[in-house]
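J.: Structure incoming, see below.
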Amino acid sequence: MSCWEAKWRSLFLVLLPFCLQGIYLQKTDEVGQRKPFFERLRRLEEQFRRFQEVTLIRLQGIAENYNVSYNINARFQNLTDEYHIMGLSVNESQAAMQMDLNHLKTWIKKFQRRSRKVDSKLLAFERSLSEKSKQSSQEKKEQQGHDTRLANLTGTISRDISALQTSQIHVQTEMEKLQNMIHGQGAKLKVVEEQLQAALQRAAFSPSSVTTVPLLPQPLVEKKQPGQQMLHTKHKHRKKLEQDRLELGAQTETQELFQNLRRSPLGQKRPNAPSGRQTLSRADESLKEPQQSQASQKTAEICNVGSMLVFPNASTENVVTFRPGFRTGLRELSLCTWVRTASSYLGTLLSYATEENDNKLVLHGRDSLVYGSIHFVIGDPAFRELPVEMLLDARWHHMCVIWSSDQGKYWFYVDRRLVATGSRFREGYEIPPGGTLVLGQEQDTVGGGFDSSEAFVGSLAGLALWDRVLSPGEVSSIATGKMLPTGILLTLANASSLDGFVQKVICTCLEHCS
């Protein structure tokens, strides 16, 4: 209404001068000269027409101004709506971009972790290659030394054989001479025996008569009675006959020995002389006997086990979880357990992850690592390689992994024997609390990110963890089934969940854990 009032007011102000002018002109006409009526009417019509034109122009201007303001308000409203719509779309695009950035950050973290793992595996592979090259070079040197010693020994043996052949020829010559002498002595002995028999017969028939029989040249002795002299001569010749027979037997044995030496070829080995490899193999067997005796220890004597976990296959669903893993930070730890696996690799026994790092504490094994080894990881990417080849025989074995941040020392025991040790491994480091601890899988994220190639397949029994360093005596006490040391941090009884096909078996002694 205010808009129309303003329009009418402006129209009135426009018409007012014309009316006043008309009145003034009429008065002047009345006063002045009188013009004809039609002329005045024509002028009025002309004025009215001009008034109409001016009024129309003003009204058109007012209408245009009104339309412009209305269009401006509509456009402003449209612009406001479009601004709100654009703001919403910008917020949505920002949210989507933030989500994409979060996914990209997560992917970058996973990529970095996997790249660190690949780098660690490459380092381990290079280390194993260097060790194998060193071992091969050392074996080549040892083989060259063996070949040199074998050549020297062959030369010595050939010289000894030639000397033996020479001595054999000499001995054969002497043997022939000795045989000829023996034959001559045998003939003489026969003659002497015949003479003795004849003398005895004559002495038996004529005891009073004395007959002197020339036997052998003898030194002068005191005269004896004929019977005594005859008996003494007989006894003396019997001794000599026995001595000649013994010498003949010894010479015959010596001749047989040299004939055996002549028959055997140079390269042939004596049946009773063991070869170098047989000797080494026997030495290895003698060294392995204590290990086999320890491995074959009766499981009936091992008790204080508590319970056993069975991981039947390599599924990523088979996992045992401890939440929370550690309530306080660890600067020392000792992990002991009984292990039995028939797989060609050990797999991952334990993995502790936090939001900061998914490899705070890992006993990491997988099918692509060096055969018979696992990685002992504390705070990725630092790790040490531990030998576990002796565990891959489908028998129960006891193992303990011990670490101390003081000088970064670590120890690895298998069946009470120290098989690996070292220092400067995560010196001064502390494993933080509040993470998630799992058994049988390796975590790429907290509580997840499992890989079947890293899964453990087998059985774990009597697992326990201490927040201190166990002594060798305490390790031996656990491995022999005695009482567990004090200060246990957690056992299998503290597991919060068993997922997948993992089975828990209660067994006090190891013989019942089957």
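Lettering and numbering for the structure tokens are positional, with chains as A, B, ... in the shown order, residues counted from 1 in each chain, and ligands counted from 1 in the shown order.
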With 12 Å as the cut-off and only C-alpha atoms counted, what is the closest atom pair between each nearby residue of range 417-454 of chain A and range 476-499 of chain A? Distances in Å to one decimal, ordered by chain and number, as a Markdown table.
T.:
```
| residue | atom | partner | partner_atom | distance |
| --- | --- | --- | --- | --- |
| A:Arg417 | CA | A:Ser476 | CA | 8.7 |
| A:Leu418 | CA | A:Ser476 | CA | 10.7 |
| A:Thr436 | CA | A:Ser496 | CA | 10.7 |
| A:Leu437 | CA | A:Ala495 | CA | 9.3 |
| A:Val438 | CA | A:Ala495 | CA | 8.9 |
| A:Leu439 | CA | A:Ala495 | CA | 9.5 |
| A:Gly440 | CA | A:Asp499 | CA | 10.8 |
| A:Gln441 | CA | A:Asp499 | CA | 11.5 |
| A:Gly447 | CA | A:Ser497 | CA | 11.7 |
```
J.: Tell me which of A:Gly155, A:Pro17, A:Gly61, A:Gly500 sits closest to Ser315 in chain A, counting only C-alpha atoms.
T.: A:Gly500
J.: Determine the nearest neighbour of Leu391 in chain A from the options A:Glu46, A:Gly458, A:Ser404, A:Thr354, counting only C-alpha atoms.
T.: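 Ranking A:Glu46, A:Gly458, A:Ser404, A:Thr354 by distance to Leu391 in chain A, first place goes to A:Gly458.
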J.: Nearest to Leu369 in chain A among A:Thr508, A:Thr156, A:Thr316, A:Ser344, with distances taken over only C-alpha atoms: which residue is it?
T.: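 Smallest separation from Leu369 in chain A among the options: A:Ser344.
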J.: Residues within 6 Å of Tyr413 in chain A, please, as a tab-separated table (two decimals) with N, CA, C and O atoms, in the first residue's frame. Count only C-alpha atoms; anything in the same chain fewer than 5 positions from it doesn't count.
T.:
```tsv
chain	number	residue	atom	x	y	z
A	399	MET	N	60.85	-74.17	24.83
A	399	MET	CA	61.63	-73.02	24.38
A	399	MET	C	61.35	-71.83	25.30
A	399	MET	O	60.25	-71.68	25.84
A	400	CYS	N	62.39	-70.99	25.49
A	400	CYS	CA	62.29	-69.78	26.29
A	400	CYS	C	63.00	-68.66	25.54
A	400	CYS	O	64.15	-68.84	25.11
A	418	LEU	N	71.16	-73.40	25.64
A	418	LEU	CA	71.26	-72.05	25.09
A	418	LEU	C	71.74	-72.16	23.65
A	418	LEU	O	72.88	-72.53	23.37
A	419	VAL	N	70.85	-71.83	22.69
A	419	VAL	CA	71.17	-71.98	21.27
A	419	VAL	C	71.45	-70.63	20.60
A	419	VAL	O	72.00	-70.60	19.48
```
J.: Which residue gives the smallest distance to Glu430 in chain A among A:Ser351, A:Thr106, A:Ser93, A:Ser405, with only C-alpha atoms counted?
T.: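 Once distances to Glu430 in chain A are computed over only C-alpha atoms, the minimum belongs to A:Ser405.
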J.: Could you check which of A:Leu11, A:Ala151, A:Ile506, A:Leu330 is closest to Gly434 in chain A, using only C-alpha atoms?
T.: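 Of A:Leu11, A:Ala151, A:Ile506, A:Leu330, the one nearest Gly434 in chain A, counting only C-alpha atoms, is A:Leu330.
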J.: Find the residues around Asn357 in chain A up to 9 Å (only C-alpha atoms counted), leave out those fewer than 4 positions away in its own chain, and share them as a list in words.
T.: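 Result of the neighbour search: Arg113, Ala353, Gly379, Asp380, Thr445 and Val446 of chain A.
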J.: Enumerate the residues of range 344-411 of chain A with a DSSP assignment of strand (DSSP E), computed from the backbone, and present them as a PyMOL selection string.
T.: chain A and resi 350-353+361-364+373-378+383-387+397-404+409-411
J.: Fewer than 3 positions away in the same chain doesn't count, so skip those; otherwise give me all residues within 8 Å of Arg366 in chain A, counting only C-alpha atoms, as a ChimeraX atom specification.
T.: /A:345-348,369,374,453-455
J.: Write the selection just made, keeping N, CA, C and O atoms, as a PDB file, in the first residue's frame?
T.:
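Saved file again_16.pdb follows:
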```
ATOM      1  N   TYR A 345      57.680 -74.880   8.618  1.00  0.00           N
ATOM      2  CA  TYR A 345      58.094 -73.609   9.218  1.00  0.00           C
ATOM      3  C   TYR A 345      57.279 -73.415  10.485  1.00  0.00           C
ATOM      4  O   TYR A 345      56.212 -74.010  10.660  1.00  0.00           O
ATOM      5  N   LEU A 346      57.800 -72.582  11.394  1.00  0.00           N
ATOM      6  CA  LEU A 346      57.181 -72.478  12.707  1.00  0.00           C
ATOM      7  C   LEU A 346      55.939 -71.593  12.706  1.00  0.00           C
ATOM      8  O   LEU A 346      54.978 -71.875  13.397  1.00  0.00           O
ATOM      9  N   GLY A 347      55.913 -70.527  11.917  1.00  0.00           N
ATOM     10  CA  GLY A 347      54.788 -69.600  11.968  1.00  0.00           C
ATOM     11  C   GLY A 347      54.950 -68.601  13.105  1.00  0.00           C
ATOM     12  O   GLY A 347      55.915 -68.635  13.872  1.00  0.00           O
ATOM     13  N   THR A 348      53.967 -67.704  13.235  1.00  0.00           N
ATOM     14  CA  THR A 348      54.020 -66.657  14.253  1.00  0.00           C
ATOM     15  C   THR A 348      53.405 -67.167  15.544  1.00  0.00           C
ATOM     16  O   THR A 348      52.233 -67.518  15.589  1.00  0.00           O
ATOM     17  N   LEU A 369      60.473 -67.164   5.020  1.00  0.00           N
ATOM     18  CA  LEU A 369      61.712 -66.882   5.723  1.00  0.00           C
ATOM     19  C   LEU A 369      62.733 -67.976   5.465  1.00  0.00           C
ATOM     20  O   LEU A 369      62.456 -69.006   4.859  1.00  0.00           O
ATOM     21  N   ILE A 374      63.044 -67.920  12.861  1.00  0.00           N
ATOM     22  CA  ILE A 374      61.979 -66.954  13.113  1.00  0.00           C
ATOM     23  C   ILE A 374      62.641 -65.624  13.463  1.00  0.00           C
ATOM     24  O   ILE A 374      63.831 -65.574  13.783  1.00  0.00           O
ATOM     25  N   SER A 453      49.825 -67.102   5.531  1.00  0.00           N
ATOM     26  CA  SER A 453      51.204 -67.572   5.382  1.00  0.00           C
ATOM     27  C   SER A 453      52.039 -67.323   6.629  1.00  0.00           C
ATOM     28  O   SER A 453      53.147 -67.840   6.753  1.00  0.00           O
ATOM     29  N   GLU A 454      51.529 -66.520   7.579  1.00  0.00           N
ATOM     30  CA  GLU A 454      52.236 -66.237   8.827  1.00  0.00           C
ATOM     31  C   GLU A 454      51.598 -66.944  10.023  1.00  0.00           C
ATOM     32  O   GLU A 454      52.048 -66.755  11.157  1.00  0.00           O
ATOM     33  N   ALA A 455      50.558 -67.742   9.804  1.00  0.00           N
ATOM     34  CA  ALA A 455      49.828 -68.386  10.902  1.00  0.00           C
ATOM     35  C   ALA A 455      50.627 -69.559  11.457  1.00  0.00           C
ATOM     36  O   ALA A 455      51.423 -70.203  10.756  1.00  0.00           O
TER      37      ALA A 455
END
```
J.: Find the distance between CA of Pro432 in chain A and CA of Thr328 in chain A and write it in Å to one decimal.
T.: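 Interatomic distance, CA of Pro432 in chain A to CA of Thr328 in chain A: 7.0 Å.
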J.: What is the CA of Arg426 in chain A to CA of Lys360 in chain A distance in Å?
T.: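 Going from CA of Arg426 in chain A over to CA of Lys360 in chain A covers 11.1 Å.
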J.: How many Å lie between CA of Val191 in chain A and CA of Leu178 in chain A, rounded to one decimal?
T.: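 That distance, rounded to one decimal, is 19.8 Å.
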